[in-house]
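Undergrad: Here it is, the structure, as structure tokens.
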Amino acid sequence: MARYTGPKCRICRREGVKLFLKGERCLTTKCALDQKRRPYPPGDHGLGRKKMTDYGLHLREKQKVRRIYGMNEKQFLAYYHKANSQKGVTGENLLRLLERRLDSVVYRLGFAMTRDEARQLVSHRHFMVNGRRVSVPSIQLRDGDEITLIERTRKNARLNELLDNAPHRGIPGWLELDRQNFKGVVKNMPNREDIDLDVNERLIVELYSK
């Protein structure tokens, strides 16, 4: 299944919550979920949809997380199987694996406004991990890993503005940003309370366990 390339606001409307897929626009009244605009699902029957079934609730929670991290079903299912094979709570393991992706860490550190933007920066080889140039957004980071912006990209005005505002947006406690050196460090693995997503990962585990 190919990556979705349609209107991102349509995704948020379908899930009924802000997924912050369009960065700054999501914080303004231009957001499609604003009460004055279209706070209902897309499609001809968006306003008249019936009460959701139990299966529908489980499915929507899975789709929400999958769309937040921008991956297709096959990729997401692979992460679930990996999380299920690890010790601990499967749902929390799943979120940790997703947060530890390089593109997600780049986003969390403030180098990008969205995960899509972070994925593009990584794919275009603008970052180094532990001194090595990388181009794979799905790299799993570990304790002590260093993410550094390459020299020629450090003069980018938009990126500098984003980094200046990063502390105001909030950087998770398990990450550390060295603004002066355009570098981020993974201090430790994230706990569930460090992942500020309004999702119920238990529903995803129940869906895949059926």
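As shown in the structure tokens, the chain order sets the letters A, B, ...; within each chain, residues go from 1, and ligands are also counted from 1 in the order they appear.
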Which residues of range 151-191 of chain A come within 10 Å of range 114-134 of chain A, and what is each one's closest atom pair and distance in Å (one decimal), counting only C-alpha atoms, sorted by chain and residue number, as a Markdown table?

TA:
| residue | atom | partner | partner_atom | distance |
| --- | --- | --- | --- | --- |
| A:Glu151 | CA | A:His126 | CA | 8.7 |
| A:Arg152 | CA | A:His126 | CA | 8.5 |
| A:Thr153 | CA | A:His126 | CA | 6.8 |
| A:Arg154 | CA | A:His126 | CA | 9.5 |
| A:Phe182 | CA | A:Phe127 | CA | 10.0 |
| A:Lys183 | CA | A:Met128 | CA | 9.4 |
| A:Gly184 | CA | A:Val129 | CA | 9.6 |
| A:Val185 | CA | A:Asn130 | CA | 9.7 |

Undergrad: Next, dump the selected residues to file, keeping only N, CA and C atoms, as a short mmCIF file (atom, residue, chain, number, x, y, z; two decimals), in the first residue's frame.

TA:
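The resulting file, again14.cif, is shown below:
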data_model
loop_
_atom_site.label_atom_id
_atom_site.label_comp_id
_atom_site.auth_asym_id
_atom_site.auth_seq_id
_atom_site.Cartn_x
_atom_site.Cartn_y
_atom_site.Cartn_z
N GLU A 151 27.00 20.24 8.42
CA GLU A 151 27.51 21.62 8.42
C GLU A 151 26.79 22.51 7.42
N ARG A 152 26.61 22.04 6.20
CA ARG A 152 26.09 22.92 5.15
C ARG A 152 24.62 23.30 5.34
N THR A 153 23.91 22.58 6.21
CA THR A 153 22.49 22.87 6.43
C THR A 153 22.28 23.83 7.60
N ARG A 154 23.32 24.10 8.35
CA ARG A 154 23.17 24.88 9.59
C ARG A 154 22.84 26.35 9.35
N PHE A 182 23.98 22.33 17.14
CA PHE A 182 23.01 21.67 16.24
C PHE A 182 23.00 20.16 16.47
N LYS A 183 22.92 19.79 17.73
CA LYS A 183 23.05 18.37 18.08
C LYS A 183 22.00 17.97 19.11
N GLY A 184 21.55 16.74 19.00
CA GLY A 184 20.64 16.18 19.99
C GLY A 184 21.20 14.87 20.52
N VAL A 185 20.86 14.55 21.77
CA VAL A 185 21.35 13.33 22.40
C VAL A 185 20.18 12.55 23.00
#

Undergrad: Using only C-alpha atoms, determine which residues lie at most 8 Å from Val199 in chain A, disregarding the query and same-chain residues fewer than 4 positions distant; provide the list as a PyMOL selection string.

TA: chain A and resi 61+64-65

Undergrad: Give me the residues near Arg202 in chain A as a ChimeraX atom specification, where near means some atom within 12 Å (using only C-alpha atoms) and where sequence neighbours in that chain fewer than 4 positions away do not count.

TA: /A:57-59,61-62,65,80,89-95,206-209

Undergrad: Just the strand (DSSP E or B) stuff from range 39-155 of chain A, please, per backbone DSSP, written as a list of chain:residue names.

TA: A:Arg101, A:Phe127, A:Met128, A:Val129, A:Arg132, A:Arg133, A:Val134, A:Gln140, A:Glu146, A:Ile147, A:Thr148, A:Leu149

Undergrad: Provide the CA of Asp178 in chain A to CA of Gly70 in chain A distance in Å, to one decimal place.

TA: 26.9 Å

Undergrad: Can you list, as a VMD selection string, every protein, DNA or RNA residue that comes within 6 Å of range 187-190 of chain A when you count only C-alpha atoms, leaving out same-chain residues fewer than 5 positions away?

TA: chain A and resid 143 to 144 174 to 175

Undergrad: Report as a PyMOL selection string all protein, DNA and RNA residues lying within 6 Å of range 99-105 of chain A, evaluated on only C-alpha atoms, omitting residues in the same chain fewer than 4 positions from it.

TA: chain A and resi 118-119+137-141

Undergrad: Can I get the selected residues back with N, CA and C atoms, as a CSV table (one decimal), in the first residue's frame?

TA:
chain,number,residue,atom,x,y,z
A,118,ALA,N,10.5,16.0,9.1
A,118,ALA,CA,11.6,15.4,9.6
A,118,ALA,C,12.1,14.2,8.8
A,119,ARG,N,11.1,13.4,8.3
A,119,ARG,CA,11.4,12.3,7.4
A,119,ARG,C,12.1,12.7,6.1
A,137,PRO,N,15.0,7.0,7.7
A,137,PRO,CA,14.2,7.6,8.8
A,137,PRO,C,13.8,6.6,9.9
A,138,SER,N,13.8,5.3,9.5
A,138,SER,CA,13.3,4.3,10.5
A,138,SER,C,14.4,3.7,11.4
A,139,ILE,N,15.6,4.3,11.3
A,139,ILE,CA,16.7,3.8,12.2
A,139,ILE,C,16.3,3.9,13.7
A,140,GLN,N,16.5,2.8,14.4
A,140,GLN,CA,16.1,2.8,15.9
A,140,GLN,C,17.3,3.4,16.7
A,141,LEU,N,17.1,4.4,17.4
A,141,LEU,CA,18.1,5.0,18.2
A,141,LEU,C,18.2,4.4,19.6

Undergrad: Quick one, how far is CA of Leu149 in chain A from CA of Pro172 in chain A?

TA: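 Interatomic distance, CA of Leu149 in chain A to CA of Pro172 in chain A: 19.0 Å.
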
Undergrad: Let me make sure I understand: among A:Ile204, A:Lys82, A:Arg192, A:Arg169, which one has the smallest atom-to-atom distance to Gly56 in chain A if we use only C-alpha atoms?

TA: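 Closest residue, counting only C-alpha atoms: A:Ile204.
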
Undergrad: Between CA of Ala112 in chain A and CA of Ala83 in chain A, what distance in Å does the model show, to one decimal?

TA: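 CA of Ala83 in chain A lies 26.7 Å from CA of Ala112 in chain A.
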
Undergrad: Among range 78-205 of chain A, which residues carry a DSSP assignment of alpha helix (DSSP H), reported as a ChimeraX atom specification?

TA: /A:78-85,90-99,102-109,115-123,157-169,201-205

Undergrad: How would the residues just chosen look if you wrote them out with N, CA and C atoms as a compact mmCIF listing (two decimals), in the first residue's frame?

TA:
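Saved file selection.txt follows:
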# COMPACT_ATOMS: atom_id res chain seq x y z
N ALA A 78 4.49 -4.71 11.41
CA ALA A 78 5.82 -5.21 11.73
C ALA A 78 6.30 -4.66 13.07
N TYR A 79 6.01 -3.39 13.34
CA TYR A 79 6.35 -2.80 14.64
C TYR A 79 5.57 -3.47 15.77
N TYR A 80 4.30 -3.79 15.49
CA TYR A 80 3.50 -4.45 16.53
C TYR A 80 4.09 -5.82 16.87
N HIS A 81 4.45 -6.60 15.86
CA HIS A 81 5.01 -7.93 16.11
C HIS A 81 6.32 -7.82 16.89
N LYS A 82 7.12 -6.84 16.57
CA LYS A 82 8.39 -6.64 17.29
C LYS A 82 8.11 -6.26 18.74
N ALA A 83 7.13 -5.38 18.95
CA ALA A 83 6.77 -4.97 20.31
C ALA A 83 6.22 -6.15 21.11
N ASN A 84 5.45 -7.00 20.43
CA ASN A 84 4.84 -8.15 21.10
C ASN A 84 5.88 -9.19 21.50
N SER A 85 7.00 -9.23 20.80
CA SER A 85 8.05 -10.21 21.11
C SER A 85 8.98 -9.74 22.24
N THR A 90 2.99 -4.77 25.77
CA THR A 90 3.10 -4.66 24.31
C THR A 90 2.76 -3.27 23.80
N GLY A 91 1.69 -2.67 24.29
CA GLY A 91 1.29 -1.35 23.81
C GLY A 91 2.34 -0.29 24.08
N GLU A 92 2.92 -0.32 25.26
CA GLU A 92 3.97 0.64 25.61
C GLU A 92 5.23 0.37 24.80
N ASN A 93 5.54 -0.89 24.59
CA ASN A 93 6.69 -1.24 23.75
C ASN A 93 6.52 -0.68 22.34
N LEU A 94 5.29 -0.77 21.83
CA LEU A 94 5.01 -0.28 20.49
C LEU A 94 5.27 1.22 20.38
N LEU A 95 4.77 1.98 21.33
CA LEU A 95 4.97 3.43 21.30
C LEU A 95 6.44 3.79 21.47
N ARG A 96 7.16 3.04 22.28
CA ARG A 96 8.60 3.31 22.45
C ARG A 96 9.35 3.09 21.13
N LEU A 97 9.00 2.00 20.44
CA LEU A 97 9.66 1.72 19.16
C LEU A 97 9.40 2.83 18.15
N LEU A 98 8.18 3.32 18.13
CA LEU A 98 7.81 4.37 17.18
C LEU A 98 8.50 5.69 17.53
N GLU A 99 8.60 5.99 18.83
CA GLU A 99 9.25 7.23 19.25
C GLU A 99 10.75 7.20 19.02
N LEU A 102 14.39 7.51 14.00
CA LEU A 102 15.19 8.71 13.80
C LEU A 102 14.33 9.90 13.39
N ASP A 103 13.37 9.69 12.47
CA ASP A 103 12.55 10.83 12.05
C ASP A 103 11.70 11.39 13.19
N SER A 104 11.24 10.51 14.07
CA SER A 104 10.46 10.96 15.21
C SER A 104 11.32 11.75 16.21
N VAL A 105 12.55 11.29 16.41
CA VAL A 105 13.47 11.98 17.33
C VAL A 105 13.85 13.35 16.76
N VAL A 106 14.09 13.43 15.45
CA VAL A 106 14.40 14.71 14.81
C VAL A 106 13.24 15.68 15.01
N TYR A 107 12.02 15.19 14.89
CA TYR A 107 10.83 16.01 15.11
C TYR A 107 10.74 16.45 16.57
N ARG A 108 10.95 15.53 17.48
CA ARG A 108 10.84 15.83 18.91
C ARG A 108 11.89 16.84 19.36
N LEU A 109 13.06 16.80 18.74
CA LEU A 109 14.13 17.73 19.11
C LEU A 109 13.87 19.14 18.58
N ARG A 115 6.43 15.37 11.45
CA ARG A 115 7.21 14.16 11.22
C ARG A 115 7.49 13.96 9.73
N ASP A 116 6.58 14.40 8.89
CA ASP A 116 6.82 14.32 7.44
C ASP A 116 8.03 15.15 7.05
N GLU A 117 8.11 16.34 7.61
CA GLU A 117 9.25 17.22 7.33
C GLU A 117 10.54 16.60 7.86
N ALA A 118 10.46 16.01 9.05
CA ALA A 118 11.64 15.35 9.64
C ALA A 118 12.08 14.17 8.77
N ARG A 119 11.12 13.41 8.26
CA ARG A 119 11.43 12.26 7.40
C ARG A 119 12.14 12.71 6.13
N GLN A 120 11.69 13.82 5.57
CA GLN A 120 12.31 14.34 4.36
C GLN A 120 13.74 14.81 4.62
N LEU A 121 13.96 15.49 5.74
CA LEU A 121 15.31 15.95 6.09
C LEU A 121 16.27 14.77 6.24
N VAL A 122 15.81 13.71 6.89
CA VAL A 122 16.66 12.53 7.08
C VAL A 122 16.93 11.85 5.74
N SER A 123 15.88 11.70 4.92
CA SER A 123 16.03 11.03 3.62
C SER A 123 17.00 11.77 2.70
N ALA A 157 17.71 29.37 7.33
CA ALA A 157 17.01 30.32 8.20
C ALA A 157 15.81 29.68 8.89
N ARG A 158 15.02 28.91 8.13
CA ARG A 158 13.83 28.29 8.73
C ARG A 158 14.22 27.32 9.83
N LEU A 159 15.25 26.53 9.58
CA LEU A 159 15.68 25.54 10.56
C LEU A 159 16.20 26.21 11.83
N ASN A 160 16.91 27.30 11.68
CA ASN A 160 17.40 28.04 12.85
C ASN A 160 16.25 28.63 13.66
N GLU A 161 15.23 29.10 12.96
CA GLU A 161 14.06 29.63 13.65
C GLU A 161 13.34 28.53 14.44
N LEU A 162 13.24 27.35 13.83
CA LEU A 162 12.61 26.22 14.51
C LEU A 162 13.38 25.83 15.77
N LEU A 163 14.70 25.79 15.68
CA LEU A 163 15.52 25.42 16.83
C LEU A 163 15.44 26.46 17.94
N ASP A 164 15.35 27.74 17.56
CA ASP A 164 15.21 28.80 18.57
C ASP A 164 13.90 28.65 19.34
N ASN A 165 12.86 28.16 18.66
CA ASN A 165 11.54 28.01 19.29
C ASN A 165 11.33 26.63 19.92
N ALA A 166 12.29 25.73 19.72
CA ALA A 166 12.13 24.35 20.22
C ALA A 166 11.86 24.27 21.72
N PRO A 167 12.58 25.03 22.56
CA PRO A 167 12.30 24.95 24.00
C PRO A 167 10.87 25.35 24.36
N HIS A 168 10.29 26.28 23.59
CA HIS A 168 8.91 26.71 23.87
C HIS A 168 7.92 25.63 23.46
N ARG A 169 8.24 24.90 22.41
CA ARG A 169 7.37 23.79 21.98
C ARG A 169 7.45 22.64 22.96
N GLU A 201 -3.22 2.81 23.64
CA GLU A 201 -2.51 1.73 22.95
C GLU A 201 -3.07 0.34 23.26
N ARG A 202 -3.77 0.21 24.37
CA ARG A 202 -4.37 -1.08 24.73
C ARG A 202 -5.38 -1.52 23.68
N LEU A 203 -6.11 -0.57 23.09
CA LEU A 203 -7.09 -0.90 22.06
C LEU A 203 -6.41 -1.46 20.81
N ILE A 204 -5.21 -0.98 20.51
CA ILE A 204 -4.48 -1.48 19.34
C ILE A 204 -4.06 -2.92 19.57
N VAL A 205 -3.59 -3.21 20.78
CA VAL A 205 -3.17 -4.58 21.11
C VAL A 205 -4.38 -5.51 21.05
